[in-house]
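File shown: my_file.txt (compact mmCIF, C-alpha atoms).
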```txt
# COMPACT_ATOMS: atom_id res chain seq x y z
CA MET A 1 -30.43 -62.81 3.07
CA SER A 2 -32.96 -60.93 0.97
CA THR A 3 -32.24 -60.92 -2.74
CA CYS A 4 -29.99 -58.23 -4.17
CA GLU A 5 -32.85 -57.05 -6.39
CA THR A 6 -34.76 -55.77 -3.34
CA CYS A 7 -31.75 -54.01 -1.78
CA VAL A 8 -32.47 -50.31 -1.18
CA VAL A 9 -28.95 -49.27 -2.28
CA ARG A 10 -28.83 -51.71 -5.19
CA ASN A 11 -28.46 -49.02 -7.87
CA ARG A 12 -25.84 -46.99 -5.99
CA ALA A 13 -23.60 -49.68 -4.51
CA ILE A 14 -20.62 -51.33 -6.21
CA CYS A 15 -22.85 -54.15 -7.48
CA ALA A 16 -24.92 -51.72 -9.59
CA GLY A 17 -23.33 -52.88 -12.86
CA LEU A 18 -24.06 -56.59 -12.40
CA ASP A 19 -26.75 -58.41 -14.35
CA ASP A 20 -29.39 -60.68 -12.77
CA ARG A 21 -27.27 -63.82 -13.10
CA GLU A 22 -24.26 -62.14 -11.53
CA LEU A 23 -26.38 -60.72 -8.74
CA THR A 24 -27.65 -64.20 -7.96
CA ALA A 25 -24.07 -65.44 -7.69
CA LEU A 26 -23.10 -62.50 -5.48
CA ASN A 27 -26.19 -63.03 -3.35
CA ALA A 28 -25.07 -66.61 -2.69
CA ILE A 29 -21.82 -65.52 -1.00
CA GLY A 30 -23.21 -62.63 1.08
CA ARG A 31 -25.38 -62.21 4.14
CA ARG A 32 -27.17 -59.36 5.86
CA ARG A 33 -25.95 -58.31 9.30
CA SER A 34 -27.28 -55.77 11.78
CA VAL A 35 -24.72 -53.73 13.73
CA SER A 36 -25.70 -51.81 16.86
CA ALA A 37 -24.36 -48.30 17.54
CA GLY A 38 -20.92 -48.63 19.10
CA GLU A 39 -20.39 -52.20 17.84
CA PRO A 40 -17.18 -52.87 15.87
CA LEU A 41 -17.35 -54.61 12.52
CA ILE A 42 -13.64 -54.60 11.60
CA TRP A 43 -10.58 -54.17 13.83
CA GLU A 44 -7.47 -52.24 12.85
CA ASP A 45 -4.40 -54.43 12.15
CA ASP A 46 -6.47 -57.64 12.21
CA ASP A 47 -6.48 -60.03 9.28
CA SER A 48 -8.74 -58.72 6.53
CA LEU A 49 -11.50 -61.32 6.74
CA LEU A 50 -14.56 -59.48 5.46
CA VAL A 51 -15.79 -56.65 3.28
CA ALA A 52 -19.25 -55.11 3.22
CA ASN A 53 -21.73 -52.79 1.54
CA VAL A 54 -23.51 -50.36 3.88
CA ILE A 55 -27.29 -50.69 3.46
CA ASP A 56 -28.37 -48.16 6.06
CA GLY A 57 -26.85 -46.37 9.04
CA VAL A 58 -23.48 -44.67 9.43
CA LEU A 59 -20.14 -46.19 10.46
CA LYS A 60 -16.82 -44.59 11.35
CA LEU A 61 -13.33 -45.64 10.28
CA THR A 62 -10.74 -45.06 12.97
CA THR A 63 -7.06 -45.57 13.67
CA SER A 64 -5.33 -45.43 17.05
CA THR A 65 -2.02 -44.09 18.28
CA GLU A 66 0.32 -46.19 20.44
CA ASP A 67 -1.03 -44.54 23.60
CA GLY A 68 -4.63 -45.42 22.68
CA ARG A 69 -5.89 -42.13 21.26
CA GLU A 70 -8.48 -42.59 18.51
CA GLN A 71 -8.65 -40.61 15.28
CA ILE A 72 -11.65 -40.78 12.95
CA VAL A 73 -10.21 -41.06 9.43
CA GLY A 74 -13.38 -41.72 7.46
CA VAL A 75 -17.13 -42.19 7.56
CA ALA A 76 -19.20 -44.77 5.66
CA TYR A 77 -22.77 -44.00 4.59
CA PRO A 78 -25.47 -46.08 2.83
CA SER A 79 -24.15 -47.56 -0.46
CA ASP A 80 -20.52 -47.14 0.63
CA PHE A 81 -18.15 -50.09 0.49
CA ILE A 82 -16.00 -50.92 3.52
CA GLY A 83 -13.15 -53.33 4.09
CA ARG A 84 -9.99 -54.10 2.17
CA PRO A 85 -10.41 -56.45 -0.80
CA PHE A 86 -7.19 -58.00 -2.13
CA GLY A 87 -5.44 -57.02 1.11
CA GLN A 88 -4.18 -59.07 4.02
CA THR A 89 -4.56 -56.61 6.91
CA SER A 90 -7.24 -54.10 7.88
CA LYS A 91 -5.77 -50.60 8.04
CA ALA A 92 -8.58 -49.10 10.13
CA SER A 93 -11.25 -50.17 12.58
CA VAL A 94 -14.87 -49.88 11.44
CA VAL A 95 -17.40 -49.12 14.18
CA ALA A 96 -21.10 -48.29 13.89
CA LEU A 97 -21.95 -44.69 14.79
CA THR A 98 -25.66 -45.47 14.51
CA ASP A 99 -27.61 -48.71 14.31
CA ALA A 100 -26.76 -50.02 10.86
CA ARG A 101 -27.32 -52.85 8.41
CA VAL A 102 -24.59 -54.14 6.14
CA CYS A 103 -24.25 -56.77 3.44
CA VAL A 104 -21.19 -58.79 4.47
CA PHE A 105 -18.93 -60.95 2.32
CA SER A 106 -15.98 -63.13 3.19
CA ARG A 107 -13.00 -61.25 1.79
CA ASN A 108 -11.63 -64.35 0.07
CA ASP A 109 -15.01 -65.15 -1.53
CA PHE A 110 -15.42 -61.54 -2.64
CA ASP A 111 -11.89 -61.42 -4.10
CA ARG A 112 -12.55 -64.53 -6.18
CA PHE A 113 -15.87 -63.14 -7.39
CA ALA A 114 -14.36 -59.75 -8.30
CA ARG A 115 -11.53 -61.31 -10.31
CA THR A 116 -14.05 -62.98 -12.62
CA HIS A 117 -16.38 -59.97 -12.92
CA PRO A 118 -14.56 -56.98 -14.50
CA GLU A 119 -17.55 -54.66 -14.00
CA LEU A 120 -17.30 -55.10 -10.25
CA GLU A 121 -13.54 -54.49 -10.32
CA HIS A 122 -14.24 -51.33 -12.33
CA LYS A 123 -16.70 -50.12 -9.70
CA LEU A 124 -14.13 -50.83 -6.98
CA LEU A 125 -11.59 -48.71 -8.86
CA GLU A 126 -14.11 -45.89 -9.25
CA ARG A 127 -14.87 -45.97 -5.50
CA THR A 128 -11.17 -46.03 -4.65
CA LEU A 129 -10.45 -42.97 -6.81
CA ALA A 130 -13.45 -41.12 -5.38
CA GLU A 131 -12.23 -41.90 -1.87
CA LEU A 132 -8.77 -40.60 -2.82
CA ASP A 133 -10.34 -37.34 -4.03
CA ARG A 134 -12.26 -37.00 -0.75
CA THR A 135 -9.09 -37.66 1.22
CA ARG A 136 -7.21 -34.93 -0.67
CA SER A 137 -10.06 -32.49 -0.02
CA TRP A 138 -10.02 -33.44 3.65
CA MET A 139 -6.26 -32.79 3.82
CA MET A 140 -6.94 -29.29 2.50
CA LEU A 141 -9.68 -28.79 5.09
CA LEU A 142 -7.51 -29.92 8.00
CA GLY A 143 -4.36 -28.17 6.87
CA ARG A 144 -5.54 -24.83 5.50
CA LYS A 145 -9.10 -23.98 6.50
CA THR A 146 -10.10 -21.87 9.49
CA ALA A 147 -12.49 -23.10 12.18
CA PRO A 148 -15.57 -21.42 10.58
CA GLU A 149 -14.61 -22.84 7.18
CA LYS A 150 -14.16 -26.32 8.65
CA ILE A 151 -17.55 -26.33 10.35
CA ALA A 152 -19.34 -24.97 7.26
CA THR A 153 -17.64 -27.52 4.98
CA PHE A 154 -18.49 -30.32 7.39
CA LEU A 155 -22.18 -29.36 7.51
CA LEU A 156 -22.38 -29.10 3.72
CA GLU A 157 -20.89 -32.57 3.33
CA MET A 158 -23.27 -33.99 5.93
CA SER A 159 -26.25 -32.48 4.12
CA GLU A 160 -25.14 -34.14 0.88
CA ARG A 161 -24.22 -37.57 2.25
CA LEU A 162 -27.17 -37.92 4.63
CA ALA A 163 -29.63 -37.07 1.84
CA GLU A 164 -28.62 -40.13 -0.20
CA GLN A 165 -31.43 -42.53 0.66
CA GLY A 166 -33.21 -45.17 -1.35
CA CYS A 167 -32.23 -47.17 -4.41
CA LYS A 168 -32.44 -44.38 -6.99
CA PRO A 169 -29.81 -41.72 -7.66
CA LEU A 170 -30.28 -38.59 -5.59
CA THR A 171 -32.64 -36.16 -7.32
CA GLN A 172 -34.07 -33.96 -4.57
CA GLY A 173 -30.77 -32.30 -3.72
CA PRO A 174 -28.92 -32.06 -0.40
CA ALA A 175 -30.87 -32.46 2.83
CA LYS A 176 -32.04 -29.24 4.45
CA HIS A 177 -32.62 -30.96 7.79
CA PHE A 178 -30.64 -33.90 9.13
CA THR A 179 -29.48 -35.58 12.32
CA LEU A 180 -25.73 -35.71 12.84
CA PRO A 181 -24.37 -39.18 13.59
CA PHE A 182 -21.57 -37.49 15.57
CA SER A 183 -21.39 -36.05 19.06
CA ARG A 184 -19.86 -32.58 19.37
CA GLN A 185 -16.66 -34.19 20.67
CA GLN A 186 -16.51 -36.46 17.61
CA VAL A 187 -17.05 -33.47 15.32
CA ALA A 188 -14.11 -31.80 17.06
CA ASP A 189 -11.96 -34.91 16.66
CA VAL A 190 -12.79 -35.22 12.96
CA LEU A 191 -12.01 -31.56 12.24
CA GLY A 192 -8.98 -31.15 14.47
CA LEU A 193 -10.73 -28.61 16.71
CA THR A 194 -11.64 -28.40 20.39
CA ILE A 195 -15.18 -29.13 21.49
CA GLU A 196 -15.43 -25.53 22.75
CA THR A 197 -14.57 -24.20 19.29
CA VAL A 198 -17.14 -26.47 17.66
CA SER A 199 -19.85 -25.32 20.06
CA ARG A 200 -18.98 -21.66 19.50
CA GLN A 201 -19.12 -22.04 15.73
CA PHE A 202 -22.48 -23.82 15.84
CA THR A 203 -23.86 -21.09 18.11
CA LYS A 204 -22.48 -18.35 15.83
CA LEU A 205 -24.03 -19.90 12.71
CA LYS A 206 -27.36 -20.16 14.50
CA ALA A 207 -27.19 -16.56 15.72
CA GLU A 208 -26.49 -15.40 12.16
CA GLY A 209 -29.51 -17.29 10.84
CA VAL A 210 -27.45 -19.63 8.67
CA ILE A 211 -28.57 -22.78 10.49
CA ASP A 212 -31.01 -23.79 13.20
CA LEU A 213 -30.37 -26.39 15.90
CA PRO A 214 -33.77 -27.86 16.83
CA ALA A 215 -32.16 -30.55 19.01
CA ARG A 216 -28.68 -31.49 20.22
CA ARG A 217 -27.74 -33.34 17.03
CA ASP A 218 -30.36 -31.96 14.63
CA VAL A 219 -29.29 -29.36 12.07
CA ALA A 220 -31.49 -27.33 9.73
CA ILE A 221 -29.73 -25.36 6.99
CA LEU A 222 -31.61 -22.08 6.59
CA ASP A 223 -29.24 -20.22 4.25
CA ARG A 224 -27.22 -22.62 2.12
CA THR A 225 -25.70 -19.83 0.02
CA ALA A 226 -24.26 -18.21 3.14
CA LEU A 227 -22.96 -21.56 4.38
CA VAL A 228 -21.21 -22.19 1.05
CA ALA A 229 -19.63 -18.75 1.23
CA ILE A 230 -18.35 -19.38 4.75
CA ALA A 231 -16.92 -22.75 3.66
CA GLY A 232 -14.73 -20.91 1.17
```
Show this structure as structure tokens.
Amino acid sequence: MSTCETCVVRNRAICAGLDDRELTALNAIGRRRSVSAGEPLIWEDDDSLLVANVIDGVLKLTTSTEDGREQIVGVAYPSDFIGRPFGQTSKASVVALTDARVCVFSRNDFDRFARTHPELEHKLLERTLAELDRTRSWMMLLGRKTAPEKIATFLLEMSERLAEQGCKPLTQGPAKHFTLPFSRQQVADVLGLTIETVSRQFTKLKAEGVIDLPARRDVAILDRTALVAIAG
């Protein structure tokens, strides 16, 4: 694969704290992989065989009920880390929502590397705690927020996560215009709403001049202050 030094998420991924020598060693155990939209990368309940850094694109993390119903439980964006290091079984499936590129490592190789590089283990801990914070916030959203609050919160998070491009820390602020990687039905599934409710809320926000919807999945935030207020 291309060297880690040329990676576009190099300074935001978990390997950001490694020096040149360590990056060379990490580079030797990884490989780049392209994943087409809809293609699975990891299967729920399978042996945990690989972990990966997301280079570009968006992937969803899902779990399934016994009768086959799917629930989206997380979303991975560029620079995010996916997979379960130091674990034996994958707890969620990982499927590409858009065409994506990932840097893939054998889980066993990555575990051995991490154990001898404390800075990488520290970054893993930081990511784990950040993910825990996001999960707690999401529990609040699903359990307590109204439909308008859910949609506004969702759009604000999308504008922040989809603006994070390139190898440098984000400086230009959240995106004002972005393309959702979700269909309306997937938005409904993520937020615990019906597709009819999602469509009504999008239409209402557009009518009030808070957002514009130039295309089916395109969103332009026209009044961020109002959207923040609606999100509660």
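For the set A:Asp45, A:Asp80, A:Asp111, A:Glu70, the residue with the smallest atom-to-atom gap to Ile29 (chain A) is A:Asp111, counting all atoms listed in the file.
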Next item on the list: Find, counting all atoms listed in the file, the residue in A:Ala114, A:Ala96, A:Ala25, A:Cys103 that gets nearest to Val54 (chain A).
Entry: A:Cys103
Checklist line | Which residue of A:Leu59, A:Leu142, A:Ile230, A:Met158 approaches Asp218 (chain A) most closely, using all atoms listed in the file | finding: A:Met158
Next item on the list: Give me the residues within 12 Å of Arg21 (chain A) as a VMD selection string, counting all atoms listed in the file and dropping any in the same chain fewer than 3 places off.
Entry: chain A and resid 3 to 5 17 to 18 24 to 28 117
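Note that CA of Thr98 (chain A) and CA of Gly57 (chain A) are 5.7 Å apart.
Every protein, DNA or RNA residue with an atom at most 7 Å from region 106-108 of chain A, where only C-alpha atoms count and chain neighbours fewer than 6 positions away do not, is listed here: Ser48, Leu49, Leu50, Val51 and Pro85 of chain A.
Nearest to Ala152 (chain A) of all the residues A:Arg224, A:Arg136, A:Arg33, A:Arg10 is A:Arg224, counting all atoms listed in the file.
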Margin query: With distances taken over only C-alpha atoms, which residue among A:Arg101, A:Gly192, A:Phe113, A:Thr179 lies nearest Ser36 (chain A)?
Written below: A:Arg101
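Take the candidates A:Ser79, A:Thr135, A:Thr116, A:Ser64 and check each one against Val94 (chain A) using only C-alpha atoms; the shortest distance goes to A:Ser64.
Atom to atom, CA of Val219 (chain A) and CA of Pro181 (chain A) stand 11.1 Å apart.
You will find CA of Ala220 (chain A) at 5.6 Å from CA of Lys176 (chain A).
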